[in-house]
Each structure stands twice: as structure tokens, then as C-alpha cells.
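*Asks:* What follows is a structure written as C-alpha cells; I'll ask about it next.
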Amino acid sequence: MTTEHIELWHQRARPTPDDAAFRVQLGCHIEEICELFDAVDFDTADGTLCKAALHVLATGLKKGTIQATITDRKELLDSLADQVVTAIGVGYCAGMKTSQAIAEVDRSNWSKFDSDGQPIFDVNGKVKKGPHYFKPDLSAFV
């Protein structure tokens, strides 16, 4: 499984991405960071405070009540690439099989599409789980 396969999923979901698609996807990305905060205990209250702020940001982006404008495309791309690399490193350092887990999540994401292979969107423009959706089974990779 390659990152190109994940990109293909996004191309299928949004053949002509626009500012709204960017905003929703950014909200989804931040929502995943919130899930990281749910899965890790920090020894400071600042972790809870950060999570609350990120949740508000993610929700606002997905609903369209918060807008986002790219100010430096090169730095954004550098940050995104670094996040992928460091995320794999976190999984590795935690003794997890990150590459296999990514492949399983990718397989699950494809199951969100309808019977004709088309995405189904919620009211905010986020791809939602279709009738053939199955949750990724990550138990073998932890």
C-alpha cells in the first residue's frame, strides 16, 4: 500500500477540491489529533486544554464557521510530510505496526463509498460511512 492509493481515495471523493473541501479535510485532520489526545494521558492539565481548543477548531472547520487560508504552500506541504513521517515514528516507538495499520485504515475508507463506488457526504461535506462500511481491525498491529 502506498500513499498514492490514499491520494486516489481523496481524488475519488473530491475530483475538484475547493476551499470548502480543504476546510473540511483540515477539520478532519485536526479531529484525528483530538483522538490522539484521547488515547494518551499527559501529566499536565495543559493536554486537556489543548484538546478542547483543537476540538472547537476541528468542529468549526467542518461546519464552515471557521475558515482557513493557506499562507505558505511550501511550508504547509513540509508540515504535512513531516506529520506523516513523525506519526509513523510514534507508532514505531510505541511498538506498533504502523504501515500495516495504515493499509487497513485505507481498506476501510474505501468501504465508505456506495455500491457504485461513489462517496456519500454529510451535510458539512465530509465523506460519511456508506452501507458497506466496515471498521478497520487494527488489533493485529498494536
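Following the order of the C-alpha cells, chains are lettered A, B, ..., residues in each are numbered from 1, and ligands are numbered from 1.
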What lies within 12 Å of region 97-100 of chain A using only C-alpha atoms, ignoring chain neighbours under 2 positions off, as a VMD selection string?
*Replies:* chain A and resid 1 to 3 84 to 95 102 to 107 136 to 142
*Asks:* Of the residues A:Lys62, A:Ala68, A:Ala53, A:Arg12, which is the one nearest to Asn124 (chain A), using only C-alpha atoms?
*Replies:*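 The closest residue to Asn124 (chain A) is A:Lys62.
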*Asks:* Give me the residues near region 27-42 of chain A as JSON, numbers by chain, where near means some atom within 7 Å (using only C-alpha atoms) and where sequence neighbours in that chain fewer than 2 positions away do not count.
*Replies:* {"A": [23, 24, 25, 44, 47, 51, 54, 55, 58, 59, 61, 62]}
*Asks:* Selected residues, C-alpha atoms, written as an mmCIF file, in the first residue's frame, please.
*Replies:*
data_model
loop_
_atom_site.group_PDB
_atom_site.id
_atom_site.type_symbol
_atom_site.label_atom_id
_atom_site.label_comp_id
_atom_site.auth_asym_id
_atom_site.auth_seq_id
_atom_site.Cartn_x
_atom_site.Cartn_y
_atom_site.Cartn_z
ATOM 1 C CA ARG A 23 -11.504 23.339 5.176
ATOM 2 C CA VAL A 24 -13.440 20.107 5.845
ATOM 3 C CA GLN A 25 -10.351 17.922 5.344
ATOM 4 C CA THR A 44 -0.449 18.149 32.895
ATOM 5 C CA GLY A 47 -3.165 18.457 27.485
ATOM 6 C CA LYS A 51 -7.605 19.024 23.245
ATOM 7 C CA LEU A 54 -8.456 21.587 18.941
ATOM 8 C CA HIS A 55 -11.944 20.074 19.139
ATOM 9 C CA ALA A 58 -11.945 20.911 14.077
ATOM 10 C CA THR A 59 -15.705 21.258 14.523
ATOM 11 C CA LEU A 61 -13.738 23.994 10.204
ATOM 12 C CA LYS A 62 -16.017 21.072 9.311
#
*Asks:* Please measure the separation of CA of Pro131 (chain A) and CA of Arg14 (chain A), giving the value in Å to one decimal.
*Replies:*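 Answer for the CA of Pro131 (chain A) to CA of Arg14 (chain A) separation: 19.3 Å.
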*Asks:* Select from region 2-52 of chain A everything DSSP, run on the backbone, classes as helix (DSSP H, G or I), then give the selection as a PDB file with C-alpha atoms, in the first residue's frame.
*Replies:*
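part37.pdb, written as the output of this step:
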ATOM      1  CA  THR A   3       0.375   6.946  -0.150  1.00  0.00           C
ATOM      2  CA  GLU A   4      -0.721   7.183  -3.796  1.00  0.00           C
ATOM      3  CA  HIS A   5      -3.571   4.756  -3.019  1.00  0.00           C
ATOM      4  CA  ILE A   6      -4.736   7.050  -0.199  1.00  0.00           C
ATOM      5  CA  GLU A   7      -4.476  10.044  -2.522  1.00  0.00           C
ATOM      6  CA  LEU A   8      -6.570   8.158  -5.108  1.00  0.00           C
ATOM      7  CA  TRP A   9      -9.312   7.751  -2.475  1.00  0.00           C
ATOM      8  CA  HIS A  10      -9.314  11.511  -1.943  1.00  0.00           C
ATOM      9  CA  GLN A  11      -9.359  12.138  -5.701  1.00  0.00           C
ATOM     10  CA  ARG A  12     -12.389   9.855  -5.993  1.00  0.00           C
ATOM     11  CA  ALA A  13     -14.096  11.613  -3.087  1.00  0.00           C
ATOM     12  CA  ASP A  19     -11.696  25.839  -0.419  1.00  0.00           C
ATOM     13  CA  ALA A  20     -14.637  24.135   1.298  1.00  0.00           C
ATOM     14  CA  ALA A  21     -13.112  20.671   0.713  1.00  0.00           C
ATOM     15  CA  PHE A  22      -9.787  21.928   2.091  1.00  0.00           C
ATOM     16  CA  ARG A  23     -11.504  23.339   5.176  1.00  0.00           C
ATOM     17  CA  VAL A  24     -13.440  20.107   5.845  1.00  0.00           C
ATOM     18  CA  GLN A  25     -10.351  17.922   5.344  1.00  0.00           C
ATOM     19  CA  LEU A  26      -8.295  20.162   7.632  1.00  0.00           C
ATOM     20  CA  GLY A  27     -11.042  19.797  10.249  1.00  0.00           C
ATOM     21  CA  CYS A  28     -10.923  16.012   9.839  1.00  0.00           C
ATOM     22  CA  HIS A  29      -7.147  16.068  10.239  1.00  0.00           C
ATOM     23  CA  ILE A  30      -7.380  18.078  13.452  1.00  0.00           C
ATOM     24  CA  GLU A  31     -10.155  15.749  14.653  1.00  0.00           C
ATOM     25  CA  GLU A  32      -7.672  12.862  14.339  1.00  0.00           C
ATOM     26  CA  ILE A  33      -5.224  14.806  16.506  1.00  0.00           C
ATOM     27  CA  CYS A  34      -8.015  15.073  19.088  1.00  0.00           C
ATOM     28  CA  GLU A  35      -8.274  11.274  19.007  1.00  0.00           C
ATOM     29  CA  LEU A  36      -4.552  11.115  19.787  1.00  0.00           C
ATOM     30  CA  PHE A  37      -5.228  13.252  22.867  1.00  0.00           C
ATOM     31  CA  ASP A  38      -7.980  10.802  23.865  1.00  0.00           C
ATOM     32  CA  ALA A  39      -5.581   7.861  23.612  1.00  0.00           C
ATOM     33  CA  ASP A  46      -2.483  21.630  29.505  1.00  0.00           C
ATOM     34  CA  GLY A  47      -3.165  18.457  27.485  1.00  0.00           C
ATOM     35  CA  THR A  48      -6.866  18.669  28.284  1.00  0.00           C
ATOM     36  CA  LEU A  49      -6.923  22.382  27.484  1.00  0.00           C
ATOM     37  CA  CYS A  50      -5.198  21.829  24.124  1.00  0.00           C
ATOM     38  CA  LYS A  51      -7.605  19.024  23.245  1.00  0.00           C
ATOM     39  CA  ALA A  52     -10.623  21.224  23.969  1.00  0.00           C
TER      40      ALA A  52
END
